[in-house]
Amino acid sequence: MLFKMRWRFIKAAMIATFIALVFVVGGINVAYSYISGRKQDATIDMLMKSPLGSENPPTKPEGDSNDDPQSKSEGKDKEIPPERPDFPGDKGMEGFTFFLEKNNPEMRFMNRYFTVTLDSEGKLVESNVDNIVSVSEDDAVTYAEAVYRSSKQKGYYKGYRYAVTEASGNKLIFFLNISRDTEQQKTVFLISIGISVGMMLIIFVLLFFLSKRAINPYVKAMEQQKQFITNAGHELKTPLTSISTSADVLSMDLPENEWIDNIRKQIERMTKLVGDLVMLSRFDEATPFSERSRISLSEILSEAVELFVPVAEGGKRSIEDKISDSIYTIGDESSIKQLISILLDNAIKYSPENSIISLELKKKKNRAYIIVSNKCAYGIPKELDRLFDRFYRPDESRSTKTGGYGIGLSMARAIAEAHKGTIKAKDLGDERIAFEVKLPIN
């Protein structure tokens, strides 16, 4: 129980960490992608409106010679620097031109791009692929025609960021190569994933060593609870035995006295309750069973049916069984028998007269399924999971009719979990309820 609690704590913390990292990594990469897109738009806008936007890099002035220093010096005096691109400052771009080197005259030569101009009917007017190597003129026209047909003003196509603008009644389509940005984005994504994985491993190691300390208060509370139940059980046995002995003495003088009979019944209930509570505390231990062996579920269920058929018939109920042969599990035989007894006894108590109780044992993959179903005389509870809580009763008025303390299903769950299995309740409709136990098979 405590081992499971520790791993549940680690699992919950790791899931919370994973979710947080997904949001952080996702937020970083989405923000980076958005900023990259806006930066690309700002670059396109700058290059489209630059007077040098479609020109080739300037050549050296005439008379410049590497062999003549004087001529080289004069050439420098005569050289006219290229006009620097002017940032347009369009609405929405002011915050993103910050990322551009707006005083760098080499900016337009640092980007690879091409342009295509189409008329209103989508026919080629002009194309310029002087500033790119990897795209031919035919490819450029093909890309432009595809963008033209899409009717979008900006977007991505074949690894390029494009923008469409009106130019003298024609459509100028500008394509910017974004391979460098794409690689950077991949790098940021891989780095963020790597850091996240590393953080997950570090957090797991820390949780593994610190979780024991974190659940120490819970461990102490559980130990105190088990110790209290054990001590209370031993302390209650003495007065219960004394009361039972006194009732026996009184019955000698007052035979067939209803008050004495009632005392005996209550003593039996209290004795059973104390025994069940002590057993429940034992199931909370890491190793509740001193020995485990290979047991036949088929034989245990067949024996249970033989024992409970007379009980069911006495209460005007019947039991139908469908038990598959040769299904085995590893565990404690007496506990499994107790589990089946709890479910069958519960079905008899809560089913109406002249109804049928169904018991089924089947195998599916590597699990054995034990299913006990019956019609519920008191209606199906809304909170089915709470049926396995200790002392829980959907309707307190039932206790006077059915007896018990609402602890049977809690024991059934403890037994199933101690055998590395599960138990759950299902609403089958038509006022029928089923309890399904899954156990590993051997």
# chains A, B, ... in the order shown; residues from 1 in each chain; ligands from 1
$ residues_around --residues "Lys123 of chain A" --least-positions-apart "3" --cutoff "12 Å" --atoms "only C-alpha atoms" --output "JSON, numbers by chain"
{"A": [116, 117, 118, 119, 120, 126, 127, 141, 142, 144, 145, 146, 148, 149, 170, 171, 172]}
$ write_last_selection --atoms "N, CA and C atoms" --output "PDB file, in the first residue's frame"
ATOM      1  N   VAL A 116       8.315  37.746 -58.867  1.00  0.00           N
ATOM      2  CA  VAL A 116       7.594  37.463 -60.109  1.00  0.00           C
ATOM      3  C   VAL A 116       6.414  38.427 -60.168  1.00  0.00           C
ATOM      4  N   THR A 117       6.227  39.046 -61.335  1.00  0.00           N
ATOM      5  CA  THR A 117       5.102  39.949 -61.540  1.00  0.00           C
ATOM      6  C   THR A 117       4.142  39.317 -62.538  1.00  0.00           C
ATOM      7  N   LEU A 118       2.865  39.234 -62.140  1.00  0.00           N
ATOM      8  CA  LEU A 118       1.820  38.675 -62.979  1.00  0.00           C
ATOM      9  C   LEU A 118       0.764  39.731 -63.231  1.00  0.00           C
ATOM     10  N   ASP A 119       0.119  39.662 -64.398  1.00  0.00           N
ATOM     11  CA  ASP A 119      -0.953  40.614 -64.671  1.00  0.00           C
ATOM     12  C   ASP A 119      -2.240  40.147 -64.023  1.00  0.00           C
ATOM     13  N   SER A 120      -3.315  40.891 -64.283  1.00  0.00           N
ATOM     14  CA  SER A 120      -4.593  40.601 -63.636  1.00  0.00           C
ATOM     15  C   SER A 120      -5.157  39.241 -64.034  1.00  0.00           C
ATOM     16  N   GLU A 126       6.908  39.825 -65.625  1.00  0.00           N
ATOM     17  CA  GLU A 126       8.341  39.965 -65.389  1.00  0.00           C
ATOM     18  C   GLU A 126       8.744  39.037 -64.252  1.00  0.00           C
ATOM     19  N   SER A 127       9.960  38.546 -64.270  1.00  0.00           N
ATOM     20  CA  SER A 127      10.498  37.748 -63.171  1.00  0.00           C
ATOM     21  C   SER A 127      11.943  38.140 -62.934  1.00  0.00           C
ATOM     22  N   VAL A 141       8.259  31.061 -61.814  1.00  0.00           N
ATOM     23  CA  VAL A 141       6.945  31.332 -62.404  1.00  0.00           C
ATOM     24  C   VAL A 141       5.923  30.316 -61.910  1.00  0.00           C
ATOM     25  N   THR A 142       6.327  29.062 -61.808  1.00  0.00           N
ATOM     26  CA  THR A 142       5.418  28.018 -61.307  1.00  0.00           C
ATOM     27  C   THR A 142       4.982  28.312 -59.880  1.00  0.00           C
ATOM     28  N   ALA A 144       4.914  31.237 -58.429  1.00  0.00           N
ATOM     29  CA  ALA A 144       4.069  32.440 -58.430  1.00  0.00           C
ATOM     30  C   ALA A 144       2.649  32.126 -58.882  1.00  0.00           C
ATOM     31  N   GLU A 145       2.516  31.282 -59.895  1.00  0.00           N
ATOM     32  CA  GLU A 145       1.177  30.916 -60.383  1.00  0.00           C
ATOM     33  C   GLU A 145       0.401  30.160 -59.306  1.00  0.00           C
ATOM     34  N   ALA A 146       1.083  29.294 -58.556  1.00  0.00           N
ATOM     35  CA  ALA A 146       0.408  28.564 -57.478  1.00  0.00           C
ATOM     36  C   ALA A 146      -0.054  29.520 -56.392  1.00  0.00           C
ATOM     37  N   TYR A 148      -0.682  32.716 -56.829  1.00  0.00           N
ATOM     38  CA  TYR A 148      -1.733  33.541 -57.439  1.00  0.00           C
ATOM     39  C   TYR A 148      -3.085  32.827 -57.347  1.00  0.00           C
ATOM     40  N   ARG A 149      -3.091  31.531 -57.613  1.00  0.00           N
ATOM     41  CA  ARG A 149      -4.346  30.767 -57.557  1.00  0.00           C
ATOM     42  C   ARG A 149      -4.885  30.634 -56.130  1.00  0.00           C
ATOM     43  N   ASN A 170      -0.679  45.287 -61.661  1.00  0.00           N
ATOM     44  CA  ASN A 170      -0.235  43.902 -61.670  1.00  0.00           C
ATOM     45  C   ASN A 170      -0.012  43.422 -60.236  1.00  0.00           C
ATOM     46  N   LYS A 171       0.269  42.137 -60.111  1.00  0.00           N
ATOM     47  CA  LYS A 171       0.542  41.567 -58.785  1.00  0.00           C
ATOM     48  C   LYS A 171       2.017  41.181 -58.723  1.00  0.00           C
ATOM     49  N   LEU A 172       2.717  41.838 -57.798  1.00  0.00           N
ATOM     50  CA  LEU A 172       4.110  41.524 -57.555  1.00  0.00           C
ATOM     51  C   LEU A 172       4.185  40.523 -56.402  1.00  0.00           C
TER      52      LEU A 172
END
$ residues_around --residues "Ile203 of chain A" --least-positions-apart "6" --cutoff "10 Å" --atoms "only C-alpha atoms" --output "ChimeraX atom specification"
/A:10,13-14,17,197
$ residues_around --residues "Ile173 of chain A" --least-positions-apart "5" --cutoff "6 Å" --atoms "only C-alpha atoms" --output "ChimeraX atom specification"
/A:115-116,163-164
$ closest_residue --among "A:Ile215, A:Leu277, A:Ala425, A:Ala31" --to "Arg386 of chain A" --atoms "only C-alpha atoms"
A:Ala425
$ residues_around --residues "Val135 of chain A" --least-positions-apart "6" --cutoff "10 Å" --atoms "only C-alpha atoms" --output "list in words"
Tyr113, Phe114, Val129, Val141 and Tyr143 of chain A
$ residues_around --residues "segment 27-29 of chain A" --least-positions-apart "3" --cutoff "9 Å" --atoms "only C-alpha atoms" --output "ChimeraX atom specification"
/A:22-24,32-34,185,188-189,192
$ write_last_selection --atoms "N, CA and C atoms" --output "short mmCIF file (atom, residue, chain, number, x, y, z; two decimals), in the first residue's frame"
data_model
loop_
_atom_site.label_atom_id
_atom_site.label_comp_id
_atom_site.auth_asym_id
_atom_site.auth_seq_id
_atom_site.Cartn_x
_atom_site.Cartn_y
_atom_site.Cartn_z
N VAL A 22 5.33 20.83 -21.34
CA VAL A 22 4.68 20.88 -22.65
C VAL A 22 4.21 22.30 -22.95
N PHE A 23 3.61 22.95 -21.95
CA PHE A 23 3.14 24.32 -22.15
C PHE A 23 4.32 25.28 -22.34
N VAL A 24 5.39 25.08 -21.55
CA VAL A 24 6.55 25.97 -21.66
C VAL A 24 7.22 25.81 -23.02
N TYR A 32 8.41 31.72 -30.86
CA TYR A 32 9.55 31.86 -31.77
C TYR A 32 9.08 31.79 -33.22
N SER A 33 8.15 30.88 -33.50
CA SER A 33 7.63 30.75 -34.86
C SER A 33 6.88 32.02 -35.28
N TYR A 34 6.10 32.57 -34.35
CA TYR A 34 5.34 33.78 -34.66
C TYR A 34 6.28 34.96 -34.92
N GLN A 185 14.86 27.46 -36.18
CA GLN A 185 13.67 27.04 -35.45
C GLN A 185 13.77 25.57 -35.04
N VAL A 188 16.14 25.42 -32.11
CA VAL A 188 15.49 25.84 -30.86
C VAL A 188 14.56 24.75 -30.35
N PHE A 189 13.82 24.11 -31.26
CA PHE A 189 12.90 23.04 -30.86
C PHE A 189 13.66 21.87 -30.25
N SER A 192 15.14 22.82 -26.84
CA SER A 192 14.10 22.88 -25.80
C SER A 192 13.62 21.49 -25.41
#
$ select_by_dssp --residues "segment 311-402 of chain A" --states "strand (DSSP E or B)" --output "PyMOL selection string"
chain A and resi 318-323+328-331+356-364+367-375
$ residues_around --residues "segment 374-376 of chain A" --least-positions-apart "3" --cutoff "8 Å" --atoms "only C-alpha atoms" --output "PyMOL selection string"
chain A and resi 347+350-352+355-358+379-380+430-434
$ closest_residue --among "A:Lys362, A:His234, A:Lys382, A:Lys49" --to "Pro440 of chain A" --atoms "only C-alpha atoms"
A:Lys362
$ residues_around --residues "Gly155 of chain A" --least-positions-apart "3" --cutoff "12 Å" --atoms "only C-alpha atoms" --output "list in words"
Gly37, Arg38, Gln40, Asp41, Ile44, Ala146, Val147, Tyr148, Ser150, Ser151, Lys152, Lys158, Gly159, Tyr160, Arg161, Tyr162, Ala163, Val164, Ile173, Phe174, Phe175, Leu176 and Ile178 of chain A
$ write_last_selection --atoms "N, CA and C atoms" --output "mmCIF file, in the first residue's frame"
data_model
loop_
_atom_site.group_PDB
_atom_site.id
_atom_site.type_symbol
_atom_site.label_atom_id
_atom_site.label_comp_id
_atom_site.auth_asym_id
_atom_site.auth_seq_id
_atom_site.Cartn_x
_atom_site.Cartn_y
_atom_site.Cartn_z
ATOM 1 N N GLY A 37 8.040 34.612 -38.227
ATOM 2 C CA GLY A 37 7.155 34.970 -39.334
ATOM 3 C C GLY A 37 7.012 36.464 -39.497
ATOM 4 N N ARG A 38 6.858 37.164 -38.384
ATOM 5 C CA ARG A 38 6.727 38.617 -38.453
ATOM 6 C C ARG A 38 8.037 39.273 -38.897
ATOM 7 N N GLN A 40 10.213 37.868 -40.871
ATOM 8 C CA GLN A 40 10.300 37.604 -42.311
ATOM 9 C C GLN A 40 9.420 38.585 -43.098
ATOM 10 N N ASP A 41 8.227 38.853 -42.566
ATOM 11 C CA ASP A 41 7.343 39.820 -43.229
ATOM 12 C C ASP A 41 7.975 41.204 -43.261
ATOM 13 N N ILE A 44 10.681 41.169 -45.901
ATOM 14 C CA ILE A 44 10.079 41.248 -47.239
ATOM 15 C C ILE A 44 9.607 42.670 -47.514
ATOM 16 N N ALA A 146 1.083 29.294 -58.556
ATOM 17 C CA ALA A 146 0.408 28.564 -57.478
ATOM 18 C C ALA A 146 -0.054 29.520 -56.392
ATOM 19 N N VAL A 147 0.781 30.496 -56.049
ATOM 20 C CA VAL A 147 0.401 31.487 -55.047
ATOM 21 C C VAL A 147 -0.738 32.349 -55.557
ATOM 22 N N TYR A 148 -0.682 32.716 -56.829
ATOM 23 C CA TYR A 148 -1.733 33.541 -57.439
ATOM 24 C C TYR A 148 -3.085 32.827 -57.347
ATOM 25 N N SER A 150 -4.002 30.686 -55.159
ATOM 26 C CA SER A 150 -4.459 30.547 -53.771
ATOM 27 C C SER A 150 -5.168 31.788 -53.255
ATOM 28 N N SER A 151 -4.947 32.940 -53.909
ATOM 29 C CA SER A 151 -5.594 34.220 -53.544
ATOM 30 C C SER A 151 -5.201 34.699 -52.146
ATOM 31 N N LYS A 152 -4.103 34.205 -51.601
ATOM 32 C CA LYS A 152 -3.642 34.652 -50.294
ATOM 33 C C LYS A 152 -2.620 35.768 -50.469
ATOM 34 N N LYS A 158 6.707 26.015 -50.473
ATOM 35 C CA LYS A 158 7.940 25.330 -50.881
ATOM 36 C C LYS A 158 9.175 25.870 -50.135
ATOM 37 N N GLY A 159 9.028 26.132 -48.845
ATOM 38 C CA GLY A 159 10.168 26.611 -48.074
ATOM 39 C C GLY A 159 10.460 28.081 -48.225
ATOM 40 N N TYR A 160 9.518 28.848 -48.782
ATOM 41 C CA TYR A 160 9.684 30.288 -48.959
ATOM 42 C C TYR A 160 8.532 31.021 -48.273
ATOM 43 N N ARG A 161 8.854 32.188 -47.748
ATOM 44 C CA ARG A 161 7.836 33.095 -47.239
ATOM 45 C C ARG A 161 7.509 34.057 -48.375
ATOM 46 N N TYR A 162 6.231 34.185 -48.705
ATOM 47 C CA TYR A 162 5.864 35.051 -49.823
ATOM 48 C C TYR A 162 4.900 36.147 -49.377
ATOM 49 N N ALA A 163 4.880 37.205 -50.143
ATOM 50 C CA ALA A 163 3.946 38.313 -49.928
ATOM 51 C C ALA A 163 3.516 38.840 -51.296
ATOM 52 N N VAL A 164 2.248 39.198 -51.390
ATOM 53 C CA VAL A 164 1.691 39.679 -52.664
ATOM 54 C C VAL A 164 1.283 41.132 -52.490
ATOM 55 N N ILE A 173 4.754 39.372 -56.685
ATOM 56 C CA ILE A 173 4.861 38.311 -55.680
ATOM 57 C C ILE A 173 6.324 38.168 -55.299
ATOM 58 N N PHE A 174 6.581 38.366 -54.019
ATOM 59 C CA PHE A 174 7.948 38.368 -53.496
ATOM 60 C C PHE A 174 8.158 37.092 -52.682
ATOM 61 N N PHE A 175 9.205 36.339 -53.013
ATOM 62 C CA PHE A 175 9.527 35.095 -52.310
ATOM 63 C C PHE A 175 10.852 35.282 -51.570
ATOM 64 N N LEU A 176 10.822 35.020 -50.253
ATOM 65 C CA LEU A 176 12.018 35.129 -49.420
ATOM 66 C C LEU A 176 12.433 33.747 -48.950
ATOM 67 N N ILE A 178 13.701 31.170 -46.525
ATOM 68 C CA ILE A 178 13.691 31.151 -45.051
ATOM 69 C C ILE A 178 14.369 29.887 -44.517
#
$ atom_distance --atom1 "atom CA of Leu21 of chain A" --atom2 "atom CA of Asp181 of chain A"
23.8 Å
